[in-house]
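S.K.: Provided below: data.tsv, containing TSV, C-alpha atoms and all ligand atoms.
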```tsv
chain	number	residue	atom	x	y	z
A	1	MET	CA	89.31	161.93	100.52
A	2	LYS	CA	91.79	164.82	100.52
A	3	LYS	CA	91.01	168.20	98.99
A	4	ILE	CA	93.82	169.69	96.94
A	5	ILE	CA	94.50	172.99	95.23
A	6	ILE	CA	96.88	172.86	92.27
A	7	MET	CA	98.88	176.02	91.60
A	8	ILE	CA	100.25	176.73	88.12
A	9	SER	CA	101.73	179.59	86.12
A	10	GLY	CA	101.77	178.24	82.58
A	11	ARG	CA	100.85	175.35	80.32
A	12	GLY	CA	99.90	173.03	83.18
A	13	SER	CA	100.93	169.65	81.76
A	14	ASN	CA	101.62	168.27	85.26
A	15	MET	CA	98.29	169.62	86.48
A	16	LEU	CA	96.52	167.88	83.59
A	17	ALA	CA	98.26	164.59	84.30
A	18	ILE	CA	97.13	164.83	87.94
A	19	ALA	CA	93.59	165.82	86.91
A	20	ARG	CA	93.34	162.80	84.60
A	21	ASN	CA	94.50	160.52	87.38
A	22	VAL	CA	92.00	162.05	89.80
A	23	LYS	CA	89.24	161.47	87.27
A	24	ASN	CA	90.11	157.96	86.23
A	25	GLY	CA	93.50	156.83	87.41
A	26	ASN	CA	95.61	156.18	90.48
A	27	LEU	CA	94.33	159.27	92.33
A	28	LYS	CA	90.67	158.35	91.99
A	29	ASN	CA	89.13	158.19	95.48
A	30	VAL	CA	92.39	159.56	96.93
A	31	CYS	CA	91.80	163.26	96.37
A	32	GLN	CA	89.57	165.77	94.70
A	33	ILE	CA	90.72	168.98	93.04
A	34	GLN	CA	89.05	171.87	94.78
A	35	SER	CA	90.50	174.41	92.40
A	36	VAL	CA	93.32	175.10	89.96
A	37	PHE	CA	94.92	178.43	90.78
A	38	SER	CA	97.13	180.65	88.67
A	39	ASN	CA	98.87	183.97	89.18
A	40	LYS	CA	98.56	184.50	85.41
A	41	ALA	CA	95.19	185.06	83.78
A	42	ASP	CA	96.47	183.81	80.41
A	43	ALA	CA	98.00	180.57	81.74
A	44	ALA	CA	97.05	177.90	79.18
A	45	GLY	CA	96.54	175.41	82.02
A	46	LEU	CA	93.63	177.44	83.42
A	47	THR	CA	91.63	177.02	80.20
A	48	LYS	CA	92.46	173.31	80.06
A	49	ALA	CA	91.36	172.84	83.69
A	50	ALA	CA	88.08	174.68	83.02
A	51	GLU	CA	87.49	172.48	79.96
A	52	MET	CA	87.76	169.47	82.27
A	53	GLY	CA	85.09	171.00	84.50
A	54	ILE	CA	87.49	171.93	87.29
A	55	ASN	CA	87.03	175.17	89.29
A	56	THR	CA	89.66	177.72	88.47
A	57	HIS	CA	90.79	180.84	90.25
A	58	CYS	CA	93.22	183.56	89.29
A	59	ILE	CA	94.81	186.37	91.25
A	60	PRO	CA	97.00	188.18	88.73
A	61	SER	CA	100.36	188.96	90.32
A	62	ARG	CA	101.37	191.34	87.53
A	63	GLY	CA	100.94	195.00	88.39
A	64	LYS	CA	100.45	194.29	92.10
A	65	LYS	CA	102.83	195.05	94.92
A	66	LYS	CA	104.25	191.82	96.34
A	67	LYS	CA	102.63	192.53	99.71
A	68	THR	CA	99.20	193.00	98.12
A	69	TYR	CA	99.45	189.83	96.02
A	70	ASP	CA	100.76	187.77	98.95
A	71	SER	CA	97.97	188.88	101.23
A	72	LEU	CA	95.23	188.25	98.63
A	73	LEU	CA	96.70	184.79	98.02
A	74	LEU	CA	96.90	183.95	101.72
A	75	ASN	CA	93.31	185.06	102.32
A	76	TRP	CA	92.02	183.05	99.39
A	77	LEU	CA	93.93	179.91	100.41
A	78	LYS	CA	92.67	180.26	103.99
A	79	SER	CA	89.09	180.59	102.78
A	80	GLU	CA	89.48	177.47	100.62
A	81	ASN	CA	91.18	175.54	103.43
A	82	PRO	CA	92.61	172.70	101.29
A	83	ASP	CA	94.26	169.63	102.83
A	84	PHE	CA	97.20	169.98	100.45
A	85	ILE	CA	98.56	172.56	98.03
A	86	VAL	CA	100.22	171.02	94.99
A	87	LEU	CA	102.60	173.24	93.03
A	88	ALA	CA	102.88	172.24	89.38
A	89	GLY	CA	104.92	174.78	87.46
A	90	TYR	CA	103.95	177.62	89.81
A	91	MET	CA	106.79	180.03	89.14
A	92	LYS	CA	106.61	182.31	92.18
A	93	VAL	CA	108.11	181.87	95.63
A	94	LEU	CA	105.37	181.44	98.21
A	95	PRO	CA	105.44	183.93	101.10
A	96	SER	CA	106.36	182.57	104.52
A	97	GLU	CA	102.84	183.37	105.82
A	98	VAL	CA	101.45	180.78	103.39
A	99	ILE	CA	104.13	178.22	104.31
A	100	GLN	CA	103.34	178.70	108.01
A	101	GLU	CA	99.60	178.38	107.41
A	102	PHE	CA	100.04	174.98	105.71
A	103	PRO	CA	103.03	173.28	107.36
A	104	CYS	CA	104.11	170.11	105.50
A	105	ARG	CA	101.05	170.54	103.33
A	106	ILE	CA	102.65	172.18	100.30
A	107	ILE	CA	104.32	169.94	97.73
A	108	ASN	CA	106.34	170.83	94.64
A	109	ILE	CA	107.83	169.03	91.65
A	110	HIS	CA	111.21	170.18	90.40
A	111	PRO	CA	112.82	169.01	87.15
A	112	ALA	CA	116.26	168.42	88.72
A	113	ASP	CA	117.94	167.24	91.89
A	114	THR	CA	117.20	170.12	94.30
A	115	CYS	CA	120.54	169.44	96.03
A	116	GLN	CA	122.29	170.33	92.77
A	117	HIS	CA	120.11	172.84	90.98
A	118	GLN	CA	117.49	175.21	92.35
A	119	GLY	CA	115.17	177.68	90.64
A	120	LEU	CA	114.24	177.85	86.99
A	121	HIS	CA	115.53	176.04	83.90
A	122	GLY	CA	116.27	172.62	85.39
A	123	TYR	CA	116.28	170.91	81.99
A	124	GLU	CA	118.49	173.58	80.39
A	125	TRP	CA	120.91	173.05	83.26
A	126	ALA	CA	121.06	169.29	82.64
A	127	TRP	CA	121.46	169.84	78.89
A	128	GLU	CA	124.26	172.40	79.27
A	129	LYS	CA	126.08	170.17	81.76
A	130	LYS	CA	125.62	167.21	79.38
A	131	LEU	CA	124.39	165.09	82.29
A	132	PRO	CA	123.90	161.40	81.50
A	133	GLU	CA	120.92	161.39	83.88
A	134	THR	CA	118.97	163.79	86.03
A	135	LYS	CA	116.70	163.40	89.03
A	136	ILE	CA	113.14	164.67	89.17
A	137	THR	CA	112.47	165.77	92.75
A	138	VAL	CA	109.20	165.92	94.67
A	139	HIS	CA	109.64	167.89	97.87
A	140	PHE	CA	107.87	169.79	100.60
A	141	VAL	CA	108.00	173.54	100.18
A	142	ASP	CA	109.70	175.67	102.79
A	143	ASP	CA	110.78	179.31	102.94
A	144	GLY	CA	113.76	178.83	100.60
A	145	LEU	CA	114.03	178.33	96.87
A	146	ASP	CA	113.71	174.55	96.34
A	147	THR	CA	115.27	173.82	99.73
A	148	GLY	CA	112.39	171.89	101.34
A	149	LYS	CA	112.60	168.30	102.54
A	150	ILE	CA	112.90	165.85	99.65
A	151	ILE	CA	110.04	163.36	99.57
A	152	GLU	CA	111.09	161.23	96.59
A	153	GLN	CA	113.33	161.44	93.53
A	154	LYS	CA	113.19	159.62	90.21
A	155	MET	CA	116.05	159.16	87.79
A	156	VAL	CA	115.63	160.10	84.13
A	157	ASP	CA	118.08	158.53	81.68
A	158	LEU	CA	119.34	161.31	79.38
A	159	LYS	CA	121.81	159.25	77.39
A	160	GLY	CA	121.31	159.68	73.64
A	161	CYS	CA	119.27	162.89	73.97
A	162	ASN	CA	120.05	164.93	70.88
A	163	SER	CA	118.32	168.20	71.72
A	164	LEU	CA	117.01	170.14	74.69
A	165	GLU	CA	113.47	169.48	73.41
A	166	ASP	CA	114.13	165.75	73.41
A	167	LEU	CA	115.58	165.93	76.93
A	168	GLU	CA	112.61	167.94	78.22
A	169	LYS	CA	110.15	165.53	76.59
A	170	ARG	CA	111.80	162.60	78.38
A	171	GLY	CA	111.79	164.45	81.69
A	172	LEU	CA	108.18	165.57	81.47
A	173	LYS	CA	107.04	162.04	80.63
A	174	VAL	CA	108.58	160.91	83.92
A	175	GLU	CA	107.19	163.92	85.83
A	176	HIS	CA	103.65	163.20	84.65
A	177	GLU	CA	103.66	159.67	86.07
A	178	PHE	CA	105.91	160.22	89.06
A	179	TYR	CA	104.04	163.20	90.55
A	180	SER	CA	100.74	161.32	90.76
A	181	GLU	CA	102.49	158.24	92.19
A	182	CYS	CA	104.09	160.38	94.92
A	183	LEU	CA	100.85	162.22	95.63
A	184	ARG	CA	99.04	158.94	95.99
A	185	ARG	CA	101.55	157.79	98.60
A	186	ILE	CA	101.57	161.11	100.49
A	187	LEU	CA	97.84	161.73	100.44
A	188	SER	CA	96.86	158.23	101.42
A	189	SER	CA	99.43	157.97	104.20
A	190	GLU	CA	97.90	157.28	107.62
A	191	GLN	CA	99.63	160.26	109.22
A	192	ASN	CA	97.62	162.60	107.04
B	201	LIG	C1	107.84	171.35	84.98
B	201	LIG	O1	108.95	170.82	84.30
B	201	LIG	C2	108.14	171.52	86.46
B	201	LIG	O2	108.94	170.51	87.00
B	201	LIG	C3	108.87	172.84	86.43
B	201	LIG	O3	108.15	173.63	85.53
B	201	LIG	C4	107.58	172.79	84.53
B	201	LIG	C5	106.11	173.11	84.48
B	201	LIG	O4	105.51	172.48	83.37
B	201	LIG	N1	108.97	173.43	87.74
B	201	LIG	C6	110.02	174.14	88.16
B	201	LIG	O5	110.97	174.40	87.45
B	201	LIG	C7	109.93	174.61	89.60
B	201	LIG	N2	111.19	175.11	90.05
B	201	LIG	P1	103.95	172.29	83.30
B	201	LIG	O6	103.32	173.67	83.49
B	201	LIG	O7	103.70	171.77	81.91
B	201	LIG	O8	103.53	171.32	84.38
```
Re-express the file's structure as structure tokens.

M.R.:
Amino acid sequence: MKKIIIMISGRGSNMLAIARNVKNGNLKNVCQIQSVFSNKADAAGLTKAAEMGINTHCIPSRGKKKKTYDSLLLNWLKSENPDFIVLAGYMKVLPSEVIQEFPCRIINIHPADTCQHQGLHGYEWAWEKKLPETKITVHFVDDGLDTGKIIEQKMVDLKGCNSLEDLEKRGLKVEHEFYSECLRRILSSEQN
């Protein structure tokens, strides 16, 4: 059984979907959540994880020099030694020292096709472009901003969406199922 750390910065809806699947769904007996980490002490997802009985850990990035935060994060991750690090709405770029420490062991979900849109606001981008569909992307994390090797993508039909909220709701519904499905395949693969 693989040990994972989930990293978040906000509400943590993807983290919760994964946690539910670890408890009683398609990730049961595939992995266990060692800890949910956040760089923000007031991230709503941290409280929700704690309510589910999951260990939580926070290193506030605010008010710290980048170098200080990066080194505290690296040391903590090394001490935890997870098999995989799962980013779920973690809104900071990981330092290259962390990427090198966990090669092909850090996974992210992005609400757009990473070949077309990188960084924040993936749903706003699709809404403004009036896209008829968008692709949720699960990818390995490398040194760049959403440039890592794509693992899998899933199409979301956006036709008939009448607001950004509606579009985001459709996208998140897909994210919540798709991320656990991908994790199941990655974490139970023989190579790992
Ligand atoms: C999700 O839509 C996720 O794909 C996105 O942030 C949201 C987090 O929501 N991630 C990125 O944009 C990464 N570039 P959540 O906290 O409710 O899971």

S.K.: Using all atoms listed in the file, find each protein or nucleic acid residue lying at most 7 Å from ligand LIG 201 (chain B); present the set as a list in words.

M.R.: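 Sorted by chain and then by number, the residues are Ile8, Ser9, Gly10, Arg11, Gly12, Ser13, Asn14, Met15, Ala88, Gly89, Tyr90, Met91, Ile109, His110, Pro111, Gln118, Gly119, Leu120, His121, Gly122, Asp146, Leu172 and Glu175 of chain A.
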
S.K.: List every protein, DNA or RNA residue that has an atom no more than 12 Å from (93.5, 162.5, 99.0) in the file's coordinate frame, counting only C-alpha atoms, and report them as a PyMOL selection string.

M.R.: chain A and resi 1-5+18+21-22+26-34+82-86+105+180+182-190+192

S.K.: Would you compute the distance between atom CA of Leu145 of chain A and atom CA of His117 of chain A? Give it in Å to one decimal.

M.R.: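 It comes out at 10.1 Å.
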
S.K.: Compare A:Glu124, A:Glu51, A:Glu133, A:Met7 by their minimum atom-to-atom distance to Leu73 of chain A, counting all atoms listed in the file, and give me the closest one.

M.R.: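 Selected residue with least distance to Leu73 of chain A: A:Met7.
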
S.K.: As lines of an AutoDock Vina configuration file, what would the box around segment 111-122 of chain A look like: edges along x, y and z, 5 Å added on every side, centre and edge lengths in Å to one decimal?

M.R.:
```
center_x = 117.6
center_y = 172.5
center_z = 90.0
size_x = 19.5
size_y = 20.6
size_z = 22.1
```

S.K.: Kindly give the distance, in Å, that separates atom CA of Leu158 of chain A and atom CA of Glu177 of chain A, rounded to a single decimal.

M.R.: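 Between atom CA of Leu158 of chain A and atom CA of Glu177 of chain A the gap is 17.1 Å.
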
S.K.: Using only C-alpha atoms, which of the listed residues (A:Ala50, A:Val98, A:Val174, A:Ile136) sits closest to Asn81 of chain A?

M.R.: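 Closest residue, counting only C-alpha atoms: A:Val98.
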
S.K.: Please, could N, CA and C atoms be added to segment 4-28 of chain A and the result written as a PDB file, in the frame of the given file?

M.R.:
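Writing done, so here's out00.pdb:
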```pdb
ATOM      1  N   ILE A   4      92.566 169.036  97.332  1.00  0.00           N
ATOM      2  CA  ILE A   4      93.820 169.690  96.940  1.00  0.00           C
ATOM      3  C   ILE A   4      93.560 170.925  96.052  1.00  0.00           C
ATOM      4  N   ILE A   5      94.474 171.863  96.165  1.00  0.00           N
ATOM      5  CA  ILE A   5      94.500 172.990  95.230  1.00  0.00           C
ATOM      6  C   ILE A   5      95.790 172.837  94.424  1.00  0.00           C
ATOM      7  N   ILE A   6      95.690 172.928  93.110  1.00  0.00           N
ATOM      8  CA  ILE A   6      96.880 172.860  92.270  1.00  0.00           C
ATOM      9  C   ILE A   6      97.212 174.274  91.798  1.00  0.00           C
ATOM     10  N   MET A   7      98.467 174.674  91.993  1.00  0.00           N
ATOM     11  CA  MET A   7      98.880 176.020  91.600  1.00  0.00           C
ATOM     12  C   MET A   7      99.800 175.947  90.380  1.00  0.00           C
ATOM     13  N   ILE A   8      99.469 176.729  89.364  1.00  0.00           N
ATOM     14  CA  ILE A   8     100.250 176.730  88.120  1.00  0.00           C
ATOM     15  C   ILE A   8     100.557 178.164  87.688  1.00  0.00           C
ATOM     16  N   SER A   9     101.483 178.274  86.731  1.00  0.00           N
ATOM     17  CA  SER A   9     101.730 179.590  86.120  1.00  0.00           C
ATOM     18  C   SER A   9     101.693 179.534  84.599  1.00  0.00           C
ATOM     19  N   GLY A  10     101.628 178.322  84.036  1.00  0.00           N
ATOM     20  CA  GLY A  10     101.770 178.240  82.580  1.00  0.00           C
ATOM     21  C   GLY A  10     100.924 177.161  81.947  1.00  0.00           C
ATOM     22  N   ARG A  11     101.607 176.284  81.170  1.00  0.00           N
ATOM     23  CA  ARG A  11     100.850 175.350  80.320  1.00  0.00           C
ATOM     24  C   ARG A  11     100.119 174.282  81.126  1.00  0.00           C
ATOM     25  N   GLY A  12     100.636 173.920  82.289  1.00  0.00           N
ATOM     26  CA  GLY A  12      99.900 173.030  83.180  1.00  0.00           C
ATOM     27  C   GLY A  12      99.881 171.562  82.782  1.00  0.00           C
ATOM     28  N   SER A  13     100.966 171.067  82.162  1.00  0.00           N
ATOM     29  CA  SER A  13     100.930 169.650  81.760  1.00  0.00           C
ATOM     30  C   SER A  13     100.940 168.716  82.977  1.00  0.00           C
ATOM     31  N   ASN A  14     101.649 169.095  84.031  1.00  0.00           N
ATOM     32  CA  ASN A  14     101.620 168.270  85.260  1.00  0.00           C
ATOM     33  C   ASN A  14     100.237 168.312  85.909  1.00  0.00           C
ATOM     34  N   MET A  15      99.641 169.485  85.919  1.00  0.00           N
ATOM     35  CA  MET A  15      98.290 169.620  86.480  1.00  0.00           C
ATOM     36  C   MET A  15      97.315 168.718  85.739  1.00  0.00           C
ATOM     37  N   LEU A  16      97.434 168.710  84.385  1.00  0.00           N
ATOM     38  CA  LEU A  16      96.520 167.880  83.590  1.00  0.00           C
ATOM     39  C   LEU A  16      96.714 166.398  83.867  1.00  0.00           C
ATOM     40  N   ALA A  17      97.983 165.999  84.007  1.00  0.00           N
ATOM     41  CA  ALA A  17      98.260 164.590  84.300  1.00  0.00           C
ATOM     42  C   ALA A  17      97.624 164.210  85.644  1.00  0.00           C
ATOM     43  N   ILE A  18      97.742 165.100  86.624  1.00  0.00           N
ATOM     44  CA  ILE A  18      97.130 164.830  87.940  1.00  0.00           C
ATOM     45  C   ILE A  18      95.606 164.777  87.792  1.00  0.00           C
ATOM     46  N   ALA A  19      95.058 165.754  87.066  1.00  0.00           N
ATOM     47  CA  ALA A  19      93.590 165.820  86.910  1.00  0.00           C
ATOM     48  C   ALA A  19      93.055 164.551  86.259  1.00  0.00           C
ATOM     49  N   ARG A  20      93.782 164.044  85.263  1.00  0.00           N
ATOM     50  CA  ARG A  20      93.340 162.800  84.600  1.00  0.00           C
ATOM     51  C   ARG A  20      93.379 161.630  85.578  1.00  0.00           C
ATOM     52  N   ASN A  21      94.401 161.612  86.416  1.00  0.00           N
ATOM     53  CA  ASN A  21      94.500 160.520  87.380  1.00  0.00           C
ATOM     54  C   ASN A  21      93.470 160.627  88.496  1.00  0.00           C
ATOM     55  N   VAL A  22      93.066 161.864  88.808  1.00  0.00           N
ATOM     56  CA  VAL A  22      92.000 162.050  89.800  1.00  0.00           C
ATOM     57  C   VAL A  22      90.680 161.557  89.207  1.00  0.00           C
ATOM     58  N   LYS A  23      90.495 161.838  87.935  1.00  0.00           N
ATOM     59  CA  LYS A  23      89.240 161.470  87.270  1.00  0.00           C
ATOM     60  C   LYS A  23      89.136 159.955  87.099  1.00  0.00           C
ATOM     61  N   ASN A  24      90.228 159.362  86.627  1.00  0.00           N
ATOM     62  CA  ASN A  24      90.110 157.960  86.230  1.00  0.00           C
ATOM     63  C   ASN A  24      91.387 157.161  86.381  1.00  0.00           C
ATOM     64  N   GLY A  25      92.229 157.525  87.287  1.00  0.00           N
ATOM     65  CA  GLY A  25      93.500 156.830  87.410  1.00  0.00           C
ATOM     66  C   GLY A  25      93.861 156.563  88.854  1.00  0.00           C
ATOM     67  N   ASN A  26      95.170 156.604  89.151  1.00  0.00           N
ATOM     68  CA  ASN A  26      95.610 156.180  90.480  1.00  0.00           C
ATOM     69  C   ASN A  26      95.313 157.192  91.610  1.00  0.00           C
ATOM     70  N   LEU A  27      94.708 158.327  91.261  1.00  0.00           N
ATOM     71  CA  LEU A  27      94.330 159.270  92.330  1.00  0.00           C
ATOM     72  C   LEU A  27      92.811 159.299  92.550  1.00  0.00           C
ATOM     73  N   LYS A  28      92.119 158.439  91.817  1.00  0.00           N
ATOM     74  CA  LYS A  28      90.670 158.350  91.990  1.00  0.00           C
ATOM     75  C   LYS A  28      90.386 157.861  93.417  1.00  0.00           C
TER      76      LYS A  28
END
```
